[in-house]
Amino acid sequence: MRKPLIAAALAGAVLSVPTVAQAARDYISIVGSSTVYPFATVVAEQFGKTTRFKTPKIESTGSGGGLKLFCQGVGIKHPDITNASRRIKKSEVDKCAKNGVTEILEVKIGYDGIVVANSKKGPQLKMTRKDLFLALAKEVPDPKGGEQLVENPYKRWKQVNASLPDVKIEVLGPPPTSGTRDAFVELALEGGCKKFGFIKAMKKSDKKGYKTVCHTIREDGAYVEAGENDNLIVQKLEANPNALGVFGFSFLDQNTDKVQGSVVDNVAPTFDNIADGLYPISRPLYFYVKKAHIGNVPGIKEFLAEFASEKAWGPDGYLTDKGLIPMPDAERKKFLADIKKLTNLKLASN
């Protein structure tokens with residue numbers, strides 16, 4: 001009767017040593033990014049079918065929400081892996097460390113583009129990052145001229161750019177907890193914001209003020225927070241051909257019969273354009289692994305091996321069928337080596 005008693009004690013115990021996970025969960029627990037979710041799900045299903053381990057349980061919480069859960073501690077009540085559509089922040093690494101999560105493995109899985117899409121019932125739009133900033137920022141340069149900012153006065157796309165349709169600005173996008181939102185703000189809005197010389201100059205004189213101007217989305221109804229469910233945004237775009245939606249390329253790729261991506265800065269959001277680094281709103285995708293759980297929760301090493309196999313994340317792998325843009329050969333080798341060595345995350349700057 002000794003073994004069952006030990007197992008029961010482990011299952012109910014509170015960890016006293018934060019670097020050792022309790023061996024009382026027989027499946028991998030994954031949380032995080034809604035963008036990475038479909039890729040992780042395909043790998044998890046393949047893993048469940050082809051190994052002796054249970055299929056991992058995956059919850060789509062958004063990148064920020066997933067990292068918050070991941071960093072709460074070590075042990076079976078905390079997730080083993082979190083997906084992220086942006087890199088982990090230093091503040092999140094610090095929060096992890098404070099809660100005993102001191103060793104983290106970082107795995108980049110590939111690249112993704114962020115699309116600004118609309119229903120195929122409407123025309124395909126051609127816009128710039130400057131147009132997106134003027135349409136969606138809380139404060140914009142005064143249309144009357146001068147180097148001053150005013151509350152966003154634009155109500156219709158044609159007011160932003162005469163070549164755009166004369167329809168109300170209505171953009172359905174992710175909430176602040178989403179890595180897609182973080183990346184969209186940084187790559188698209190800030191990319192357009194920098195086109196104004198006096199705002200760009202603020203970066204040197206008032207970095208905080210510059211970031212506030214370039215990263216703050218308007219709150220008057222033009223931008224609608226549509227939750228972490230990208231499929232729901234696609235459905236809403238079908239119902240309203242005048243609305244635009246912001247989500248990852250993979251969802252565009254899987255719904256080409258319903259929606260189309262806007263051309264941004266004269267580049268269409270295609271697989272090849274994102275892979276070649278031409279499309280301006282693209283970003284890397286990651287997941288993070290709690291090293292203390294490896295060897296304690298069954299199957300983590302084997303799950304990592306499946307994810308990092310050429311048949312999964314390689315140029316002809318099954319993840320490319322889902323819209324993942326594969327990393328170049330050298331990058332894949334680098335992250336595969338990190339997985340094999342369980343290289344600890346180091347942030348030079350963030």
# chains A, B, ... in the order shown; residues from 1 in each chain; ligands from 1

$ select_by_dssp --residues "segment 55-151 of chain A" --states "alpha helix (DSSP H)" --output "ChimeraX atom specification"
/A:63-70,90-98,129-136

$ residues_around --residues "Thr180 of chain A" --least-positions-apart "4" --cutoff "12 Å" --atoms "only C-alpha atoms" --output "number ranges by chain"
A: 32-36, 62-64, 84-87, 112-116, 173-176, 184-188, 227-230, 245-249, 281-285

$ closest_residue --among "A:Val74, A:Tyr154, A:Asp253, A:Leu134" --to "Asp166 of chain A" --atoms "only C-alpha atoms"
A:Tyr154

$ closest_residue --among "A:Leu347, A:Tyr210, A:Ser205, A:Leu125" --to "Ser91 of chain A" --atoms "only C-alpha atoms"
A:Leu347

$ closest_residue --among "A:Gln260, A:Ala308, A:Phe70, A:Lys236" --to "Thr102 of chain A" --atoms "only C-alpha atoms"
A:Phe70

$ residues_around --residues "Cys214 of chain A" --least-positions-apart "4" --cutoff "12 Å" --atoms "only C-alpha atoms" --output "PDB file with C-alpha atoms, in the first residue's frame"
ATOM      1  CA  ARG A 129       0.186  51.983 -41.836  1.00  0.00           C
ATOM      2  CA  LYS A 130      -0.252  55.768 -41.698  1.00  0.00           C
ATOM      3  CA  LEU A 132      -4.332  52.711 -39.863  1.00  0.00           C
ATOM      4  CA  PHE A 133      -2.773  55.070 -37.314  1.00  0.00           C
ATOM      5  CA  LEU A 134      -5.022  57.972 -38.354  1.00  0.00           C
ATOM      6  CA  LEU A 136      -7.488  54.014 -34.960  1.00  0.00           C
ATOM      7  CA  ALA A 137      -5.269  56.132 -32.684  1.00  0.00           C
ATOM      8  CA  LYS A 138      -6.843  58.005 -29.797  1.00  0.00           C
ATOM      9  CA  GLU A 139      -4.955  61.200 -30.650  1.00  0.00           C
ATOM     10  CA  VAL A 140      -3.789  62.230 -34.127  1.00  0.00           C
ATOM     11  CA  PRO A 141      -2.135  65.289 -35.709  1.00  0.00           C
ATOM     12  CA  LEU A 149      -2.365  66.465 -31.432  1.00  0.00           C
ATOM     13  CA  ASP A 182       0.355  44.164 -28.827  1.00  0.00           C
ATOM     14  CA  PHE A 184      -0.603  45.215 -34.214  1.00  0.00           C
ATOM     15  CA  VAL A 185      -0.140  48.347 -32.121  1.00  0.00           C
ATOM     16  CA  GLU A 186       3.647  48.141 -32.313  1.00  0.00           C
ATOM     17  CA  LEU A 187       3.987  47.198 -35.989  1.00  0.00           C
ATOM     18  CA  ALA A 188       0.996  48.880 -37.641  1.00  0.00           C
ATOM     19  CA  LEU A 189       0.021  51.884 -35.512  1.00  0.00           C
ATOM     20  CA  GLU A 190       3.532  52.863 -34.440  1.00  0.00           C
ATOM     21  CA  GLY A 191       4.702  52.182 -37.990  1.00  0.00           C
ATOM     22  CA  GLY A 192       2.216  54.815 -39.191  1.00  0.00           C
ATOM     23  CA  CYS A 193       2.764  57.132 -36.245  1.00  0.00           C
ATOM     24  CA  LYS A 194       6.481  57.463 -37.089  1.00  0.00           C
ATOM     25  CA  LYS A 195       5.570  58.936 -40.485  1.00  0.00           C
ATOM     26  CA  PHE A 196       4.889  62.245 -38.708  1.00  0.00           C
ATOM     27  CA  ILE A 199       5.862  62.654 -33.293  1.00  0.00           C
ATOM     28  CA  LYS A 200       8.943  60.662 -34.324  1.00  0.00           C
ATOM     29  CA  MET A 202       9.255  62.730 -29.388  1.00  0.00           C
ATOM     30  CA  LYS A 203      10.904  59.311 -29.148  1.00  0.00           C
ATOM     31  CA  LYS A 207       9.823  58.309 -24.924  1.00  0.00           C
ATOM     32  CA  LYS A 208       6.820  57.708 -22.654  1.00  0.00           C
ATOM     33  CA  GLY A 209       4.757  60.394 -24.404  1.00  0.00           C
ATOM     34  CA  TYR A 210       5.757  59.009 -27.805  1.00  0.00           C
ATOM     35  CA  ARG A 218      -9.323  55.209 -29.622  1.00  0.00           C
TER      36      ARG A 218
END
